[in-house]
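K.L.:
Have a peek at data-v1.cif (mmCIF, C-alpha atoms).
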```cif
data_protein
#
loop_
_atom_site.label_atom_id
_atom_site.label_comp_id
_atom_site.auth_asym_id
_atom_site.auth_seq_id
_atom_site.Cartn_x
_atom_site.Cartn_y
_atom_site.Cartn_z
CA MET A 1 -144.80 19.98 -107.08
CA THR A 2 -144.60 22.88 -104.69
CA VAL A 3 -142.18 22.79 -101.77
CA GLY A 4 -143.27 24.99 -98.83
CA THR A 5 -141.28 26.25 -95.84
CA ASP A 6 -142.71 25.96 -92.35
CA SER A 7 -143.09 29.18 -90.42
CA PRO A 8 -141.03 29.44 -87.18
CA ALA A 9 -144.14 28.75 -85.12
CA GLN A 10 -144.93 25.63 -87.21
CA ALA A 11 -141.34 24.50 -86.94
CA ARG A 12 -141.46 24.84 -83.14
CA SER A 13 -144.71 22.91 -82.95
CA ALA A 14 -143.16 20.12 -84.98
CA GLU A 15 -140.30 19.68 -82.53
CA PRO A 16 -140.71 16.61 -80.32
CA ARG A 17 -141.58 17.53 -76.73
CA ALA A 18 -140.82 15.52 -73.66
CA PRO A 19 -143.91 14.06 -72.01
CA GLU A 20 -145.24 15.95 -69.01
CA GLN A 21 -144.46 14.36 -65.68
CA PRO A 22 -147.34 13.68 -63.31
CA GLY A 23 -147.90 16.63 -61.02
CA THR A 24 -146.11 19.20 -63.22
CA PRO A 25 -148.13 22.28 -64.22
CA ARG A 26 -149.58 22.59 -67.71
CA THR A 27 -148.85 25.94 -69.32
CA PRO A 28 -151.78 27.60 -71.00
CA ALA A 29 -152.55 26.32 -74.49
CA ASP A 30 -154.34 28.30 -77.22
CA GLY A 31 -157.66 29.56 -75.96
CA THR A 32 -156.71 29.12 -72.29
CA ALA A 33 -156.56 32.14 -70.06
CA PRO A 34 -153.36 32.86 -68.13
CA GLY A 35 -153.50 31.45 -64.63
CA ASP A 36 -155.52 28.38 -65.68
CA VAL A 37 -152.92 25.94 -64.35
CA THR A 38 -153.58 22.66 -62.56
CA PHE A 39 -151.41 20.22 -60.64
CA ALA A 40 -152.84 16.73 -61.10
CA GLY A 41 -156.29 18.13 -60.35
CA VAL A 42 -155.19 20.32 -57.41
CA HIS A 43 -155.92 24.01 -57.91
CA PRO A 44 -153.00 26.35 -57.08
CA ASP A 45 -155.23 28.36 -54.73
CA ASP A 46 -155.46 25.25 -52.54
CA LEU A 47 -151.71 25.37 -51.83
CA PRO A 48 -150.62 26.84 -48.46
CA ASP A 49 -147.56 28.59 -49.96
CA GLY A 50 -147.38 31.24 -52.63
CA LEU A 51 -146.91 29.88 -56.16
CA VAL A 52 -145.81 31.96 -59.15
CA ILE A 53 -145.12 30.38 -62.56
CA ALA A 54 -143.65 32.11 -65.59
CA ASP A 55 -143.58 30.55 -69.06
CA GLU A 56 -140.65 30.34 -71.48
CA THR A 57 -141.08 34.00 -72.45
CA GLY A 58 -140.91 35.16 -68.82
CA SER A 59 -144.62 36.03 -68.58
CA VAL A 60 -146.50 35.09 -65.43
CA VAL A 61 -149.08 32.36 -66.13
CA CYS A 62 -149.93 31.41 -62.55
CA PHE A 63 -150.22 33.59 -59.46
CA ASN A 64 -152.13 31.79 -56.72
CA ALA A 65 -154.12 33.25 -53.83
CA ALA A 66 -151.32 32.72 -51.29
CA ALA A 67 -148.90 34.63 -53.53
CA GLY A 68 -151.39 37.50 -53.69
CA ARG A 69 -151.76 37.47 -49.91
CA ILE A 70 -147.98 37.44 -49.29
CA THR A 71 -147.10 40.11 -51.86
CA ALA A 72 -150.29 42.21 -51.55
CA VAL A 73 -150.54 42.11 -55.36
CA PRO A 74 -153.88 40.98 -56.89
CA ALA A 75 -153.55 38.02 -59.25
CA ASP A 76 -155.20 39.88 -62.15
CA ARG A 77 -152.47 42.52 -61.97
CA ALA A 78 -149.68 39.94 -62.00
CA LEU A 79 -150.92 37.51 -64.70
CA GLY A 80 -149.47 38.16 -68.13
CA ARG A 81 -146.81 40.58 -66.89
CA PRO A 82 -143.05 39.91 -67.03
CA LEU A 83 -141.88 38.01 -63.97
CA ASP A 84 -139.50 40.73 -62.80
CA GLU A 85 -142.33 43.30 -62.89
CA ALA A 86 -145.00 41.13 -61.28
CA LEU A 87 -142.57 40.04 -58.56
CA PRO A 88 -139.96 42.82 -58.12
CA LEU A 89 -137.62 41.22 -55.61
CA GLU A 90 -134.38 42.53 -54.15
CA ASP A 91 -131.78 40.84 -51.98
CA LEU A 92 -130.79 42.21 -48.59
CA LYS A 93 -128.08 44.33 -50.24
CA GLY A 94 -130.60 46.09 -52.49
CA ARG A 95 -129.69 44.25 -55.70
CA ARG A 96 -132.48 43.27 -58.10
CA TRP A 97 -132.83 39.52 -57.75
CA TRP A 98 -134.00 38.59 -61.25
CA ALA A 99 -131.17 40.56 -62.87
CA LEU A 100 -128.74 38.91 -60.46
CA THR A 101 -129.89 35.34 -61.02
CA ASP A 102 -130.92 35.64 -64.72
CA PRO A 103 -132.99 32.41 -64.92
CA TYR A 104 -133.48 32.53 -68.70
CA GLY A 105 -130.01 33.64 -69.76
CA GLY A 106 -127.78 32.26 -67.01
CA LEU A 107 -125.87 29.01 -66.82
CA ALA A 108 -127.58 26.26 -68.80
CA THR A 109 -126.88 23.72 -66.04
CA ARG A 110 -128.55 25.73 -63.28
CA ARG A 111 -131.69 24.07 -61.93
CA GLY A 112 -133.00 26.77 -59.62
CA GLN A 113 -132.32 28.88 -56.55
CA PRO A 114 -132.35 27.70 -52.92
CA GLU A 115 -134.65 29.36 -50.41
CA ARG A 116 -133.47 32.73 -49.15
CA ASN A 117 -134.74 35.93 -47.58
CA LEU A 118 -135.62 38.59 -50.16
CA LEU A 119 -137.39 41.93 -50.03
CA LEU A 120 -140.59 43.07 -51.70
CA PRO A 121 -141.28 46.75 -52.41
CA GLY A 122 -141.75 48.51 -49.08
CA GLY A 123 -139.17 46.32 -47.35
CA ARG A 124 -141.43 43.35 -46.58
CA GLU A 125 -139.38 40.15 -46.16
CA VAL A 126 -140.38 36.96 -47.93
CA LEU A 127 -138.79 33.52 -48.28
CA VAL A 128 -138.27 32.70 -51.96
CA SER A 129 -137.08 29.59 -53.79
CA ALA A 130 -137.16 28.94 -57.53
CA ARG A 131 -137.03 25.95 -59.85
CA TYR A 132 -136.03 26.18 -63.51
CA VAL A 133 -137.88 23.60 -65.61
CA ARG A 134 -136.05 22.44 -68.73
CA GLU A 135 -137.02 19.75 -71.24
CA HIS A 136 -133.50 18.35 -71.09
CA PRO A 137 -130.64 19.14 -68.66
CA THR A 138 -128.94 21.88 -70.67
CA GLY A 139 -131.91 23.04 -72.72
CA PRO A 140 -133.60 26.43 -72.53
CA VAL A 141 -135.78 27.24 -69.53
CA ARG A 142 -139.40 26.46 -70.36
CA ARG A 143 -140.85 27.41 -67.02
CA VAL A 144 -139.76 29.19 -63.85
CA VAL A 145 -141.62 27.99 -60.75
CA VAL A 146 -141.31 30.27 -57.71
CA SER A 147 -142.37 29.40 -54.17
CA LEU A 148 -143.14 32.18 -51.68
CA ARG A 149 -143.50 31.90 -47.93
CA GLY A 150 -143.96 34.49 -45.23
CA THR A 151 -141.26 34.90 -42.59
CA ASP A 152 -143.55 35.07 -39.55
CA ALA A 153 -143.24 31.37 -38.65
CA ARG A 154 -139.46 31.41 -39.03
CA ARG A 155 -139.18 34.56 -36.96
CA ARG A 156 -141.25 32.98 -34.19
CA THR A 157 -138.95 29.96 -34.23
CA GLU A 158 -135.83 32.11 -34.18
CA ARG A 159 -137.26 34.23 -31.36
CA SER A 160 -138.09 31.08 -29.39
CA HIS A 161 -134.54 29.78 -29.85
CA ALA A 162 -133.11 33.13 -28.78
CA GLU A 163 -135.29 33.12 -25.66
CA LEU A 164 -134.19 29.57 -24.87
CA ILE A 165 -130.52 30.52 -25.13
CA ALA A 166 -131.04 33.62 -22.98
CA THR A 167 -132.95 31.62 -20.36
CA VAL A 168 -130.32 28.89 -20.22
CA ALA A 169 -127.49 31.41 -19.98
CA HIS A 170 -129.27 33.19 -17.12
CA GLU A 171 -130.06 29.99 -15.23
CA LEU A 172 -126.52 28.61 -15.64
CA ARG A 173 -124.77 31.79 -14.58
CA SER A 174 -125.88 31.71 -10.93
CA PRO A 175 -124.95 28.10 -10.01
CA LEU A 176 -121.74 28.22 -12.03
CA THR A 177 -120.70 31.40 -10.24
CA SER A 178 -121.39 29.72 -6.93
CA VAL A 179 -119.47 26.55 -7.86
CA LYS A 180 -116.50 28.56 -9.13
CA GLY A 181 -116.47 30.83 -6.08
CA PHE A 182 -116.61 28.09 -3.46
CA THR A 183 -114.10 25.80 -5.17
CA ALA A 184 -111.64 28.67 -5.67
CA THR A 185 -112.03 29.68 -2.03
CA LEU A 186 -111.50 26.13 -0.78
CA LEU A 187 -108.44 25.60 -2.95
CA ASP A 188 -106.91 28.89 -1.90
CA LYS A 189 -107.66 28.83 1.84
CA TRP A 190 -108.30 25.17 2.67
CA GLU A 191 -106.45 25.21 6.03
CA ARG A 192 -108.35 28.25 7.30
CA PHE A 193 -111.75 26.55 7.35
CA THR A 194 -113.14 24.11 9.87
CA ASP A 195 -114.50 20.76 8.76
CA GLU A 196 -118.04 22.02 9.27
CA GLN A 197 -117.42 25.05 7.05
CA LYS A 198 -115.85 22.86 4.38
CA ARG A 199 -118.84 20.52 4.49
CA LEU A 200 -121.29 23.43 4.14
CA MET A 201 -119.45 24.82 1.10
CA LEU A 202 -119.17 21.41 -0.55
CA GLU A 203 -122.88 20.75 0.03
CA THR A 204 -123.64 24.08 -1.68
CA VAL A 205 -121.39 23.13 -4.61
CA ASP A 206 -123.11 19.75 -4.85
CA ALA A 207 -126.58 21.35 -4.85
CA ASP A 208 -125.60 23.84 -7.55
CA ALA A 209 -124.03 21.07 -9.64
CA GLY A 210 -127.32 19.17 -9.35
CA ARG A 211 -129.19 22.26 -10.54
CA ILE A 212 -126.94 22.49 -13.60
CA LYS A 213 -127.44 18.79 -14.29
CA ARG A 214 -131.24 19.20 -14.14
CA LEU A 215 -131.11 22.16 -16.53
CA ILE A 216 -129.04 20.21 -19.04
CA ALA A 217 -131.50 17.31 -18.75
CA GLU A 218 -134.35 19.74 -19.49
CA LEU A 219 -132.59 20.99 -22.60
CA LEU A 220 -132.05 17.44 -23.85
CA ASP A 221 -135.72 16.64 -23.21
CA ILE A 222 -136.83 19.72 -25.16
CA SER A 223 -134.59 18.72 -28.06
CA ARG A 224 -136.06 15.20 -28.11
CA ILE A 225 -139.65 16.44 -27.79
CA ASP A 226 -139.25 19.00 -30.59
CA SER A 227 -137.68 16.42 -32.91
CA GLY A 228 -140.13 13.62 -32.02
CA ARG A 229 -137.32 11.43 -30.64
CA LEU A 230 -138.43 11.16 -27.01
CA GLU A 231 -138.16 7.45 -26.17
CA VAL A 232 -140.56 5.74 -23.78
CA ARG A 233 -139.33 2.53 -22.13
CA ARG A 234 -142.45 0.91 -20.74
CA GLN A 235 -142.54 -1.30 -17.65
CA PRO A 236 -144.97 -1.68 -14.74
CA VAL A 237 -145.07 1.47 -12.62
CA ASP A 238 -146.14 1.62 -8.97
CA LEU A 239 -147.75 5.07 -8.87
CA ALA A 240 -148.40 4.94 -5.12
CA ALA A 241 -144.73 4.31 -4.38
CA ALA A 242 -143.63 7.02 -6.86
CA ILE A 243 -145.94 9.60 -5.29
CA GLY A 244 -144.75 8.60 -1.82
CA ARG A 245 -141.12 9.20 -2.81
CA HIS A 246 -141.87 12.69 -4.10
CA VAL A 247 -143.89 13.64 -1.03
CA GLN A 248 -141.03 12.43 1.18
CA VAL A 249 -138.56 14.62 -0.73
CA HIS A 250 -140.66 17.69 0.09
CA THR A 251 -141.23 16.75 3.74
CA THR A 252 -137.52 16.06 4.18
CA GLY A 253 -136.87 19.47 2.65
CA GLY A 254 -138.95 21.19 5.35
CA GLN A 255 -142.58 20.92 4.21
CA SER A 256 -145.09 19.72 6.77
CA PRO A 257 -146.44 16.18 6.10
CA ASP A 258 -149.92 17.62 6.78
CA ARG A 259 -149.63 19.70 3.63
CA PHE A 260 -150.02 16.63 1.40
CA PHE A 261 -153.15 14.54 1.01
CA VAL A 262 -152.88 11.43 -1.17
CA ARG A 263 -155.96 9.49 -2.29
CA ILE A 264 -155.45 6.36 -4.41
CA ARG A 265 -158.54 4.51 -5.56
CA PRO A 266 -158.57 0.71 -5.30
CA ASP A 267 -158.59 -1.68 -8.27
CA LEU A 268 -156.30 0.43 -10.45
CA PRO A 269 -155.16 -1.21 -13.69
CA VAL A 270 -151.45 -1.97 -13.98
CA LEU A 271 -149.80 1.04 -15.60
CA TRP A 272 -147.08 0.28 -18.16
CA ALA A 273 -145.03 3.44 -18.59
CA ASP A 274 -141.50 4.79 -18.34
CA PRO A 275 -140.74 5.07 -14.59
CA ASP A 276 -138.15 7.83 -15.03
CA LYS A 277 -140.53 9.89 -17.17
CA ILE A 278 -143.36 9.40 -14.65
CA ASP A 279 -141.00 10.68 -11.96
CA GLN A 280 -140.36 13.78 -14.08
CA ILE A 281 -144.09 14.43 -14.44
CA LEU A 282 -144.83 14.00 -10.74
CA GLY A 283 -141.75 15.98 -9.70
CA ASN A 284 -142.69 18.96 -11.85
CA LEU A 285 -146.36 19.01 -10.86
CA LEU A 286 -145.67 18.68 -7.12
CA GLU A 287 -142.89 21.28 -7.28
CA ASN A 288 -145.29 23.71 -8.97
CA ALA A 289 -148.01 23.05 -6.40
CA VAL A 290 -145.63 23.56 -3.47
CA ARG A 291 -143.79 26.57 -4.88
CA HIS A 292 -146.64 28.47 -6.52
CA GLY A 293 -149.70 27.18 -4.65
CA GLU A 294 -150.90 27.37 -1.08
CA GLY A 295 -152.67 25.18 1.45
CA THR A 296 -153.06 21.43 1.06
CA VAL A 297 -151.64 19.74 -2.03
CA THR A 298 -153.98 16.92 -3.04
CA ILE A 299 -152.82 14.03 -5.25
CA GLU A 300 -155.51 11.66 -6.50
CA VAL A 301 -155.10 8.53 -8.63
CA ALA A 302 -158.12 6.83 -10.15
CA PRO A 303 -159.06 4.64 -13.12
CA GLY A 304 -159.84 6.64 -16.25
CA THR A 305 -160.14 6.49 -19.99
CA ALA A 306 -157.50 7.69 -22.43
CA GLY A 307 -157.84 8.64 -26.08
CA ASP A 308 -160.86 9.03 -28.30
CA ASP A 309 -161.50 5.29 -28.33
CA GLY A 310 -162.04 5.14 -24.56
CA GLU A 311 -158.96 3.01 -23.89
CA GLU A 312 -158.44 1.91 -20.29
CA GLY A 313 -156.18 4.34 -18.48
CA THR A 314 -154.99 5.84 -15.22
CA GLU A 315 -155.91 9.39 -14.20
CA VAL A 316 -153.72 11.45 -11.86
CA THR A 317 -154.83 14.83 -10.45
CA VAL A 318 -152.62 17.30 -8.58
CA SER A 319 -154.35 20.34 -7.05
CA ASP A 320 -153.67 23.00 -4.43
CA GLU A 321 -155.58 25.71 -2.55
CA GLY A 322 -153.71 28.77 -3.79
CA PRO A 323 -154.96 31.60 -6.01
CA GLY A 324 -154.94 29.35 -9.07
CA ILE A 325 -154.08 30.27 -12.65
CA PRO A 326 -155.88 33.20 -14.30
CA GLU A 327 -158.36 32.12 -16.94
CA ALA A 328 -156.55 34.19 -19.58
CA SER A 329 -153.28 32.32 -18.93
CA MET A 330 -154.55 28.75 -19.04
CA SER A 331 -154.06 28.40 -22.78
CA ARG A 332 -150.35 29.25 -22.35
CA VAL A 333 -149.52 27.09 -19.35
CA PHE A 334 -147.89 24.31 -21.39
CA THR A 335 -145.91 26.60 -23.69
CA ARG A 336 -142.22 27.34 -23.32
CA PHE A 337 -141.13 29.93 -20.75
CA TRP A 338 -144.54 30.30 -19.13
CA ARG A 339 -144.16 31.15 -15.46
CA GLY A 340 -147.04 31.29 -13.02
CA SER A 341 -145.24 33.70 -10.72
CA LYS A 342 -141.93 35.47 -10.19
CA ARG A 343 -140.60 32.76 -7.90
CA GLY A 344 -137.91 31.52 -10.26
CA GLY A 345 -137.67 28.55 -12.57
CA THR A 346 -136.96 28.27 -16.27
CA GLY A 347 -140.59 28.08 -17.41
CA LEU A 348 -139.78 24.83 -19.25
CA GLY A 349 -141.10 22.23 -16.79
CA LEU A 350 -144.74 22.11 -17.87
CA TYR A 351 -143.77 22.15 -21.55
CA ILE A 352 -141.68 19.03 -20.88
CA VAL A 353 -144.47 17.44 -18.84
CA LYS A 354 -146.91 17.83 -21.72
CA GLY A 355 -144.37 16.33 -24.15
CA ILE A 356 -143.80 13.31 -21.90
CA VAL A 357 -147.52 12.70 -21.37
CA GLU A 358 -148.21 12.89 -25.10
CA ALA A 359 -145.25 10.59 -25.84
CA HIS A 360 -147.08 8.00 -23.71
CA GLY A 361 -150.26 8.54 -25.74
CA GLY A 362 -151.96 10.44 -22.93
CA THR A 363 -153.45 13.87 -22.36
CA ILE A 364 -152.98 16.62 -19.76
CA THR A 365 -155.24 19.51 -18.85
CA VAL A 366 -155.20 22.43 -16.43
CA GLY A 367 -158.14 24.03 -14.64
CA ARG A 368 -159.36 25.33 -11.32
CA GLY A 369 -159.49 22.91 -8.41
CA PRO A 370 -162.42 22.35 -6.01
CA ARG A 371 -160.86 24.76 -3.50
CA GLY A 372 -159.86 27.44 -5.95
CA GLY A 373 -156.26 26.53 -6.68
CA ALA A 374 -154.66 25.16 -9.82
CA GLU A 375 -155.58 21.63 -10.84
CA PHE A 376 -153.49 19.56 -13.26
CA ARG A 377 -154.96 16.30 -14.51
CA PHE A 378 -153.14 13.87 -16.76
CA THR A 379 -154.42 10.57 -18.08
CA LEU A 380 -152.20 7.80 -19.42
CA PRO A 381 -153.30 4.67 -21.28
CA VAL A 382 -152.29 1.65 -19.25
CA GLY A 383 -150.20 0.51 -22.24
CA THR A 384 -150.48 -3.19 -21.45
CA PRO A 385 -148.26 -5.22 -23.84
CA ALA A 386 -150.24 -7.31 -26.35
CA HIS A 387 -148.89 -10.63 -25.01
CA LEU A 388 -150.38 -9.88 -21.57
CA ILE A 389 -153.89 -9.00 -22.81
#
```
Using C-alpha cells, write down the structure that the file contains.
P.N.:
Amino acid sequence: MTVGTDSPAQARSAEPRAPEQPGTPRTPADGTAPGDVTFAGVHPDDLPDGLVIADETGSVVCFNAAAGRITAVPADRALGRPLDEALPLEDLKGRRWWALTDPYGGLATRRGQPERNLLLPGGREVLVSARYVREHPTGPVRRVVVSLRGTDARRRTERSHAELIATVAHELRSPLTSVKGFTATLLDKWERFTDEQKRLMLETVDADAGRIKRLIAELLDISRIDSGRLEVRRQPVDLAAAIGRHVQVHTTGGQSPDRFFVRIRPDLPVLWADPDKIDQILGNLLENAVRHGEGTVTIEVAPGTAGDDGEEGTEVTVSDEGPGIPEASMSRVFTRFWRGSKRGGTGLGLYIVKGIVEAHGGTITVGRGPRGGAEFRFTLPVGTPAHLI
C-alpha cells in the first residue's frame, strides 16, 4: 500500500470553508477571468459607488465602472495588479495608506477601515472605506472590499452649511447690535429720555427681537425639512380669513388697500391643513410680492387637483405686476439663499415654503403672471380625514 502526501494546494482545497453568505461576492474560480464577480445577480458596474475587491493574495479581482470613473484608471489596468499599485492611496499627511493600515498583516481582530478622505495620485480627494472579509473572526483576510466615493456631494453640503452659518451670522448681527445698543442706552441714561423717546426705543427693540425670533424659527424649519421631521397638524383652515389677516398686516404697515385684489371662487372644498404652516406660506408669498414686485398683488383661490391621481385640492395663486423673475433663475427660486433682488432677506423663505407645501402632499410652481410679474401657484390636497369622507 502506498501512502501519498497531499500537495499544499490540495491540502488547502481539503480545508472546510464557511458557506458564502447571500450577497457576498464570489472570488474567481479556476477558468474565471479576474473581475467576473457578482453580487446576488447584481453586476458591480450597476453600483453607484466605486467598488474594488482584492483576493487573499492582495490581487485586484474586481474594479467596477464607478471606480474607474473616480480614479481615472481603466479596469483592465487595475485587474490582477496588487491592491496598493492599482489603488495608490495616501492620507492627508502624505503617508501611504495601505502600508499604514496593513490589511493582510495587521491586527487579526480588525474588520475594516471607516470612511475617510484620502488622496489619489495628482492630489484628487476621494472618500474611502474598507471591509476585511475573514472566514472566522481572527482568521486570515480572504478578501478586502473597498468602497470609493467622490467628494463633490459632500463638498456641496459643507459649502451649503457654511453659507447658512454665514447668512445667519450676518442677519443676527444687525438686530442684536440694535437691541444691545438701545438697552444699554436706556439703562445708562433712563432719566434723560422722555416717555415718548423711551417708547420709540422699546418699540425698536421689540421689532428687532421679533426679527431674531423669526430667523430662529426659519432655522428650525430648515432643520426639520432637511431631516424629514416637519410635522403637519391638520384641521379645517379658512383660507379667506387667513388671506384677509395677511393683507391687513400690510395695509396697517402702510400699503394701500387698493394694492391688493383678492378673488375667492365659490364652492371651495374644506381644506384640512396646518393653520400655522399655511400662515407661513401666505406670509412669505405676500411679503415677496410686496417687497420685490410692483403694482397690484392678486391673490386667487380656486378648486384644483393635487397629485398624479387627480385628488381634490385647493389652488392658491399669488401674482404681481413687477418685472417678474428671469427665465434663467426660475429653476433656482426654491433653493436655499436665492434672492430675487438686493432688497434684503435671508433667501430661505421660498425654500421653507416649498418644504411646507410638499409636507402637506402638495406642489408649488413659479412662472410669469398675466401682467408680467412673478406668479406663485401652490396646490394642496384637501386632506379630508377618512372618517368624514
K.L.:
Quick one: of A:Ala65, A:Ile364, A:Leu87, A:Ala289, who's nearest to Leu47 (chain A), counting all atoms listed in the file?
P.N.:
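Using all atoms listed in the file, Leu47 (chain A) sits closest to A:Ala65.
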K.L.:
Could you check which of A:Gly383, A:Gly367, A:Gly355, A:Arg377 is closest to Ala328 (chain A), using all atoms listed in the file?
P.N.:
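Looking only at the distances to Ala328 (chain A), the closest residue turns out to be A:Gly367.
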K.L.:
As a check of understanding, name the residues that the PyMOL selection byres ((chain A and resi 249-255) around 12) selects in the supplied structure, as a PyMOL selection string.
P.N.:
chain A and resi 242-248+256-260+282-283+286-291+294-297
K.L.:
List as an MDAnalysis selection string the protein and nucleic acid residues near region 198-209 of chain A, meaning an atom at most 8 Å away when all atoms listed in the file are counted, but skip any in the same chain fewer than 6 places from it.
P.N.:
chainID A and resid 175:176 178:179 182:183 186
K.L.:
Pick from A:Gly58, A:Leu380, A:Lys354, A:Leu285: nearest to Leu271 (chain A), with all atoms listed in the file counted?
P.N.:
A:Leu380
K.L.:
What gap, in Å, lies between CA of Glu125 (chain A) and CA of Ala66 (chain A)?
P.N.:
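Interatomic distance, CA of Glu125 (chain A) to CA of Ala66 (chain A): 15.0 Å.
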K.L.:
Using Å and a single decimal, report how far CA of Ile70 (chain A) sits from CA of Tyr104 (chain A).
P.N.:
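Those two atoms sit 24.7 Å apart.
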K.L.:
Using the chain letters and numbers from the file, which residues does the PyMOL selection byres ((chain A and resi 221-230) around 8) grab, as a CSV table (one decimal) with C-alpha atoms, in the coordinates of the input?
P.N.:
```csv
chain,number,residue,atom,x,y,z
A,217,ALA,CA,-131.5,17.3,-18.8
A,218,GLU,CA,-134.4,19.7,-19.5
A,219,LEU,CA,-132.6,21.0,-22.6
A,220,LEU,CA,-132.0,17.4,-23.8
A,231,GLU,CA,-138.2,7.4,-26.2
A,232,VAL,CA,-140.6,5.7,-23.8
A,352,ILE,CA,-141.7,19.0,-20.9
A,355,GLY,CA,-144.4,16.3,-24.2
A,356,ILE,CA,-143.8,13.3,-21.9
A,359,ALA,CA,-145.2,10.6,-25.8
```
K.L.:
Any idea what's packed within 12 Å of Glu375 (chain A), counting all atoms listed in the file, ignoring anything in its chain fewer than 6 positions away? Could you give it as a ChimeraX atom specification?
P.N.:
/A:285-286,288-289,293,297-300,316-325,330,333,364-369
K.L.:
Let me see the file: selected residues, C-alpha atoms, as a compact mmCIF listing (two decimals), in the coordinates of the input.
P.N.:
```
# COMPACT_ATOMS: atom_id res chain seq x y z
CA LEU A 285 -146.36 19.01 -10.86
CA LEU A 286 -145.67 18.68 -7.12
CA ASN A 288 -145.29 23.71 -8.97
CA ALA A 289 -148.01 23.05 -6.40
CA GLY A 293 -149.70 27.18 -4.65
CA VAL A 297 -151.64 19.74 -2.03
CA THR A 298 -153.98 16.92 -3.04
CA ILE A 299 -152.82 14.03 -5.25
CA GLU A 300 -155.51 11.66 -6.50
CA VAL A 316 -153.72 11.45 -11.86
CA THR A 317 -154.83 14.83 -10.45
CA VAL A 318 -152.62 17.30 -8.58
CA SER A 319 -154.35 20.34 -7.05
CA ASP A 320 -153.67 23.00 -4.43
CA GLU A 321 -155.58 25.71 -2.55
CA GLY A 322 -153.71 28.77 -3.79
CA PRO A 323 -154.96 31.60 -6.01
CA GLY A 324 -154.94 29.35 -9.07
CA ILE A 325 -154.08 30.27 -12.65
CA MET A 330 -154.55 28.75 -19.04
CA VAL A 333 -149.52 27.09 -19.35
CA ILE A 364 -152.98 16.62 -19.76
CA THR A 365 -155.24 19.51 -18.85
CA VAL A 366 -155.20 22.43 -16.43
CA GLY A 367 -158.14 24.03 -14.64
CA ARG A 368 -159.36 25.33 -11.32
CA GLY A 369 -159.49 22.91 -8.41
```
K.L.:
For the provided coordinates, the residues matched by the PyMOL selection byres ((chain A and resi 111) around 8) should be stated as a PyMOL selection string.
P.N.:
chain A and resi 109-110+112-113+131-133
